[in-house]
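Asker: Dumping the structure here so I can ask a few things about it.
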Amino acid sequence: MKRYRAFTAFILIVGALVALGYGLFGPQKATAALLSGLTLASLYFLLGAGLSLIFGLMDVLNFAHGVLFMVGAYVGYTVFGNPRLILNTAPLFLALAVGIIAGSRLAPLIPNRRFIPYLLALAGVGVTLWGIRGFPLRPLVAFEPTTAGGAIPTALAQEPLSRMLLRLGQLALAGLLLGPVAARWGREDRRAAPWRSLALGVGLTLLAVLLLLGRDPLERFLLGLSVDVRFFLALVAGAATGAALGALIETTLIRPFYGRPITQIVLTLGLMFAGAELVKFIWGKEGRPPMAVPSLFAQSCRSPNLLAWLTERCSSIDVLGRAFPTYRLFIIAVGLLILVGVALLLKYSRLGMIVRAGVQDSAMVEALGINVRRVFMAVFALGSALAALGGVVAAPFVGVYPEMGSIFQLQAFIAVVIGGMGSYTGTAVGALVLGLARALGDTLVTTGIALPGMAQALRASPAVARASTVLMMAVVLLVRPAGIFGRKE
Amino acid sequence: MAALLEVQDIHTFIGQFHILQGVSLEVPEGSITALLGRNGAGKTTTLKSILGLTPPREGKVIFLGEEIGGRRAYEIAAMGIGYVPEYRAIFTGLTVEENLRIAERRKGDLKRKADFIFTLFPDLKRLYRLPGGQLSGGQQQMLAIARALVPDNRLLLIDEPSEGLAPILIQELMGAIRRLSAEVTVLLVDQNFQMTSRLADRYFMIEDGRTVRSGAMADLLNEPDVIRRYLGAVI
């Protein structure tokens, strides 16, 4: 019964928005607005899905979610256009990780005094700074991204291998010193299977050394790949970075503070600001223009219909006489794919079953003998990966810039609130409603409303477009305070 | 009889409150042991302390000869303890089947136990595809117990199973608990003394977070004064 009412509310709201669009702007502009709305909805959903799952399962409001979206976009962009930066920095992170793994294993050997691990960690931070001192980050980042392939100019930006190997050693040492503190954090998980961390450590070391020694041929290889393959690599790298960062954030910063929501909110809010500053520090304050699109969306022409587009590969497609960029259809498709994929995962996989049960009562799930914390980490990583994937997908649409995280995060939060916190269906619905509202607001600003008897159309200021989403939220919450699919709290 | 579970003088705090101030008990293998006491005496907290949901700050909990204090709840449960919490905490958004399947610890657990479970609770077979939230209170209670029977548990902790059930359902429930106790040891908490006194072989009585008496149930039934004083019940 409740679900039935929620669906009715959803149909009414979307129907009202669509009718409003067609009534005000006529079919041509309204259809374009509808498609734009779907594009935005898709991005809001990719961000909102993780927010909603994480809140539903763990009661954590993750204000750092936008950072993951942004980091995904930046990492994808860099993998796509400037792999030299990745190849020169990734080994350093890997060395640090290897050090931390080894250090946390050696933790039992150090005297069991409370302050000693922290002193070592302090020294570890010092050694880290020593290890990255003078690293030529600026020149590495400064290269114009090559979207068409070919060599990146200037060979000077790379440090000689010997210097880089020294840095690897320094960072591994730093990790070793940081390890004992890390061991305190994840104590109970580290009790089992020493061979696993040994294998992980050796594997990561090999990977770091291989990446470093092979950086020149690897770079040539990556730049020699077609745009399509590099775009795919960017998607994978972005999502993987998101997953890894999400898992790291959950284990180190969120896990110690379950049941202390205020602390978690302050922490993730802090991460939001720190993340934006870190992105500015690495990639600079200025954003970058939209990333190049795969060849399927690249020819500068306009296809008359979808079938023709598949052979012509035009950058836009004819919709009722207006051009609509085909890449945005790709964004919509990714959103739909993830929507269905995660829904299937939730409905039919064991993980999904545990998540659905945990949303209701995670203590009872644990009492059944299920390691709920590991499920929390998996869901956090999954949500973060989706956000980062959204970032990569958005990069050819809006470009990358340091404020993109907080801007999209705000919209995703509104979408989740409209849909009902913690409800997966609700998030999809909220994202759709919000995307449509925003697209209508944008159309209102660009074309205005032509009222009969007036010489000029009534134009709204751009602020109206930005306000449209918040207005939508206000209206929905007045009618359904818990959101469209929200459970009453 | 060797003790399957031994609790030695545990102290548990919830926030600032010192709830358990020295609970000790022993559950012999293959029996039904009742944990008696008035409302707020600390019975539920004792069960949660055994399972590690509210870890005791002092004292020992020994299960299968191993000290399990300080372990995480999922590790303790996975050693073979099934928990049937009060208010029948089944997952209302999951179907009956999913509520059972989520309790599997090894693949095929449910398949192996299905016959046993459906003999005890034939209703569940009929309701298999329904969401747990659509079940009646009695059916939810059956489901909560059935869920604890899916994996190979050695011990069930059952908390207030008769609460809010109609007398006829309580009869059915008693029959089920008696039959399942042939397969698995039970530590039972229930306000309904009529029921526990007929099911349990032994009892431990707690008052204000301390174990105050213990012994054979048959002996307790000969002491109406004690029953009235500690439980407020008249038999």
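Going by the structure tokens order, chains are called A, B, ..., each with residues numbered from 1, while ligands are numbered from 1 in the order shown.
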Quick one: everything within 10 Å of region 424-436 of chain A, counting only C-alpha atoms, minus sequence neighbours fewer than 5 positions away in the same chain. Send it as a ChimeraX atom specification.

Answerer: /A:6-7,10-11,13-15,17-18,21,33-53,56,335-336,339,342-343,346,411-419,441-442,468-473,476,483-486

Asker: Run DSSP on the backbone and give me the residues of region 264-348 of chain A it puts in alpha helix (DSSP H), as number ranges by chain.

Answerer: A: 264-283, 306-312, 326-348

Asker: Could you list the residues in chain A lying within 8 Å of chain B, using only C-alpha atoms, and format the result as a ChimeraX atom specification?

Answerer: /A:350,353-354,356-357,360-361,363-364,366-372

Asker: Mind the document's chain letters and residue numbers, and return as a ChimeraX atom specification the residues of region 66-202 of chain B that DSSP labels strand (DSSP E).

Answerer: /B:66-67,81-84,155-159,185-189,202

Asker: Using the selection just defined, write its residues with all heavy atoms as a short mmCIF file (atom, residue, chain, number, x, y, z; two decimals), in the first residue's frame.

Answerer:
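Produced file out09.cif, reproduced below:
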```cif
data_model
loop_
_atom_site.label_atom_id
_atom_site.label_comp_id
_atom_site.auth_asym_id
_atom_site.auth_seq_id
_atom_site.Cartn_x
_atom_site.Cartn_y
_atom_site.Cartn_z
N GLU B 66 36.65 -23.15 24.79
CA GLU B 66 37.50 -22.03 24.42
C GLU B 66 36.98 -20.76 25.06
O GLU B 66 35.78 -20.52 25.08
CB GLU B 66 37.49 -21.82 22.90
CG GLU B 66 38.44 -22.69 22.13
CD GLU B 66 38.41 -22.33 20.65
OE1 GLU B 66 38.82 -21.22 20.31
OE2 GLU B 66 37.91 -23.16 19.86
N GLU B 67 37.88 -19.92 25.54
CA GLU B 67 37.47 -18.62 26.06
C GLU B 67 37.13 -17.71 24.88
O GLU B 67 37.97 -17.51 23.98
CB GLU B 67 38.61 -18.04 26.89
CG GLU B 67 38.53 -16.54 27.00
CD GLU B 67 38.45 -16.05 28.43
OE1 GLU B 67 39.23 -16.52 29.24
OE2 GLU B 67 37.60 -15.18 28.69
N ILE B 81 26.67 -20.71 17.65
CA ILE B 81 25.63 -20.20 18.54
C ILE B 81 24.57 -19.50 17.70
O ILE B 81 24.88 -18.61 16.91
CB ILE B 81 26.20 -19.22 19.59
CG1 ILE B 81 27.26 -19.91 20.43
CG2 ILE B 81 25.09 -18.67 20.46
CD1 ILE B 81 27.83 -19.07 21.55
N GLY B 82 23.33 -19.93 17.85
CA GLY B 82 22.23 -19.29 17.15
C GLY B 82 21.51 -18.37 18.12
O GLY B 82 21.32 -18.71 19.28
N TYR B 83 21.10 -17.21 17.62
CA TYR B 83 20.48 -16.21 18.49
C TYR B 83 19.08 -15.91 17.99
O TYR B 83 18.88 -15.59 16.82
CB TYR B 83 21.35 -14.95 18.48
CG TYR B 83 20.85 -13.79 19.32
CD1 TYR B 83 20.39 -14.01 20.62
CD2 TYR B 83 20.87 -12.49 18.84
CE1 TYR B 83 19.96 -12.95 21.40
CE2 TYR B 83 20.44 -11.42 19.61
CZ TYR B 83 19.98 -11.66 20.90
OH TYR B 83 19.56 -10.61 21.66
N VAL B 84 18.10 -16.07 18.88
CA VAL B 84 16.72 -15.72 18.56
C VAL B 84 16.34 -14.56 19.47
O VAL B 84 15.95 -14.77 20.61
CB VAL B 84 15.77 -16.92 18.80
CG1 VAL B 84 14.35 -16.56 18.38
CG2 VAL B 84 16.25 -18.15 18.07
N LEU B 155 24.30 -24.40 20.10
CA LEU B 155 23.58 -23.78 21.20
C LEU B 155 22.65 -22.71 20.65
O LEU B 155 23.04 -21.96 19.76
CB LEU B 155 24.61 -23.12 22.15
CG LEU B 155 24.07 -22.24 23.28
CD1 LEU B 155 23.33 -23.08 24.32
CD2 LEU B 155 25.21 -21.47 23.94
N LEU B 156 21.42 -22.68 21.14
CA LEU B 156 20.51 -21.60 20.77
C LEU B 156 20.27 -20.72 21.98
O LEU B 156 20.02 -21.22 23.08
CB LEU B 156 19.15 -22.13 20.31
CG LEU B 156 19.05 -22.93 19.01
CD1 LEU B 156 17.58 -23.01 18.59
CD2 LEU B 156 19.88 -22.33 17.92
N LEU B 157 20.35 -19.41 21.77
CA LEU B 157 19.97 -18.45 22.80
C LEU B 157 18.61 -17.90 22.38
O LEU B 157 18.51 -17.21 21.37
CB LEU B 157 20.99 -17.31 22.88
CG LEU B 157 22.46 -17.70 22.98
CD1 LEU B 157 23.33 -16.45 22.96
CD2 LEU B 157 22.72 -18.50 24.24
N ILE B 158 17.56 -18.25 23.13
CA ILE B 158 16.21 -17.85 22.74
C ILE B 158 15.67 -16.86 23.76
O ILE B 158 15.58 -17.17 24.95
CB ILE B 158 15.26 -19.06 22.62
CG1 ILE B 158 15.88 -20.11 21.69
CG2 ILE B 158 13.91 -18.63 22.09
CD1 ILE B 158 15.01 -21.33 21.47
N ASP B 159 15.32 -15.66 23.29
CA ASP B 159 14.94 -14.58 24.19
C ASP B 159 13.45 -14.25 24.03
O ASP B 159 13.02 -13.81 22.98
CB ASP B 159 15.79 -13.35 23.87
CG ASP B 159 15.78 -12.33 25.00
OD1 ASP B 159 15.08 -12.58 26.00
OD2 ASP B 159 16.47 -11.31 24.88
N THR B 185 21.29 -27.73 22.03
CA THR B 185 21.16 -27.25 23.41
C THR B 185 20.52 -25.87 23.41
O THR B 185 20.75 -25.08 22.51
CB THR B 185 22.56 -27.19 24.05
OG1 THR B 185 23.18 -28.44 23.87
CG2 THR B 185 22.48 -26.86 25.51
N VAL B 186 19.71 -25.59 24.44
CA VAL B 186 18.97 -24.32 24.45
C VAL B 186 19.20 -23.58 25.77
O VAL B 186 19.16 -24.18 26.84
CB VAL B 186 17.45 -24.58 24.28
CG1 VAL B 186 16.67 -23.28 24.45
CG2 VAL B 186 17.16 -25.19 22.92
N LEU B 187 19.47 -22.30 25.65
CA LEU B 187 19.43 -21.42 26.82
C LEU B 187 18.24 -20.49 26.60
O LEU B 187 18.22 -19.70 25.65
CB LEU B 187 20.73 -20.62 26.94
CG LEU B 187 20.80 -19.61 28.09
CD1 LEU B 187 20.58 -20.28 29.44
CD2 LEU B 187 22.15 -18.89 28.11
N LEU B 188 17.23 -20.60 27.47
CA LEU B 188 15.93 -19.98 27.22
C LEU B 188 15.64 -18.89 28.23
O LEU B 188 15.80 -19.08 29.43
CB LEU B 188 14.85 -21.06 27.29
CG LEU B 188 13.39 -20.62 27.13
CD1 LEU B 188 13.14 -20.13 25.73
CD2 LEU B 188 12.46 -21.78 27.46
N VAL B 189 15.22 -17.73 27.73
CA VAL B 189 14.75 -16.65 28.59
C VAL B 189 13.28 -16.45 28.28
O VAL B 189 12.92 -16.30 27.12
CB VAL B 189 15.52 -15.34 28.31
CG1 VAL B 189 14.84 -14.17 29.00
CG2 VAL B 189 16.96 -15.45 28.74
N ARG B 202 17.07 -27.28 33.97
CA ARG B 202 17.79 -26.56 35.01
C ARG B 202 17.49 -25.07 34.88
O ARG B 202 16.99 -24.61 33.86
CB ARG B 202 19.30 -26.78 34.87
CG ARG B 202 19.75 -28.21 35.11
CD ARG B 202 21.19 -28.40 34.68
NE ARG B 202 22.07 -27.38 35.23
CZ ARG B 202 22.53 -27.43 36.48
NH1 ARG B 202 22.20 -28.43 37.28
NH2 ARG B 202 23.32 -26.47 36.92
#
```

Asker: Which residues, written as a PyMOL selection string, have at least one atom at most 7 Å from Val445 (chain A), with only C-alpha atoms counted and residues fewer than 4 positions away on the same chain left out?

Answerer: chain A and resi 441+459-462+465

Asker: Using only C-alpha atoms, which of the listed residues (B:Gly65, B:Gly70, B:Gly22, B:Pro55) sits closest to Gly42 (chain B)?

Answerer: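 For Gly42 (chain B), the nearest of the candidates is B:Gly22.
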
Asker: Excluding region 6-10 of chain B and residues on its chain fewer than 4 positions from it, collect all residues at most 12 Å away from it, counting only C-alpha atoms, and give them as a PyMOL selection string.

Answerer: chain B and resi 2+18-29+42+45-52+54-69+155+187+204+206+209-212

Asker: Could you check how far CA of Val71 (chain A) sits from CA of Arg313 (chain A), in Å to one decimal?

Answerer: 29.5 Å

Asker: Here is a test: counting only C-alpha atoms, which residue of B:Val96, B:Ala34, B:Met217, B:Ala114 is nearest to Leu135 (chain B)?

Answerer: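 Smallest separation from Leu135 (chain B) among the options: B:Val96.
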
Asker: Go ahead and compute the interatomic distance for CA of Val392 (chain A) and CA of Phe221 (chain A), in Å to one decimal.

Answerer: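 Here the two named atoms are 21.4 Å from each other.
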
Asker: I'd like the neighbourhood of region 275-282 of chain A as a list of chain:residue names, where a residue qualifies if any of its atoms comes within 9 Å (using only C-alpha atoms), though same-chain residues fewer than 2 positions away should be ignored.

Answerer: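 Result of the neighbour search: A:Ala64, A:Val67, A:Leu68, A:Met70, A:Val71, A:Tyr74, A:Leu137, A:Arg138, A:Val141, A:Gly270, A:Leu271, A:Met272, A:Phe273, A:Gly284, A:Lys285, A:Glu286, A:Tyr401, A:Pro402, A:Glu403, A:Gly405, A:Ser406.
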
Asker: Do you have the CA of Gly66 (chain A)-CA of Ala388 (chain A) distance handy?

Answerer: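 So the two atoms, CA of Gly66 (chain A) and CA of Ala388 (chain A), lie 8.7 Å apart.
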
Asker: Do you know which residues are at most 9 Å from Ser162 (chain B) counting only C-alpha atoms, after dropping those on the same chain fewer than 5 positions away, and could you put them as a list in words?

Answerer: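 With the cut-off at 9 Å, the set is Gly138, Gln141, Pro167, Leu169, Ile170, Leu173, Met174, Asp190, Gln191, Asn192 and Met195 of chain B.
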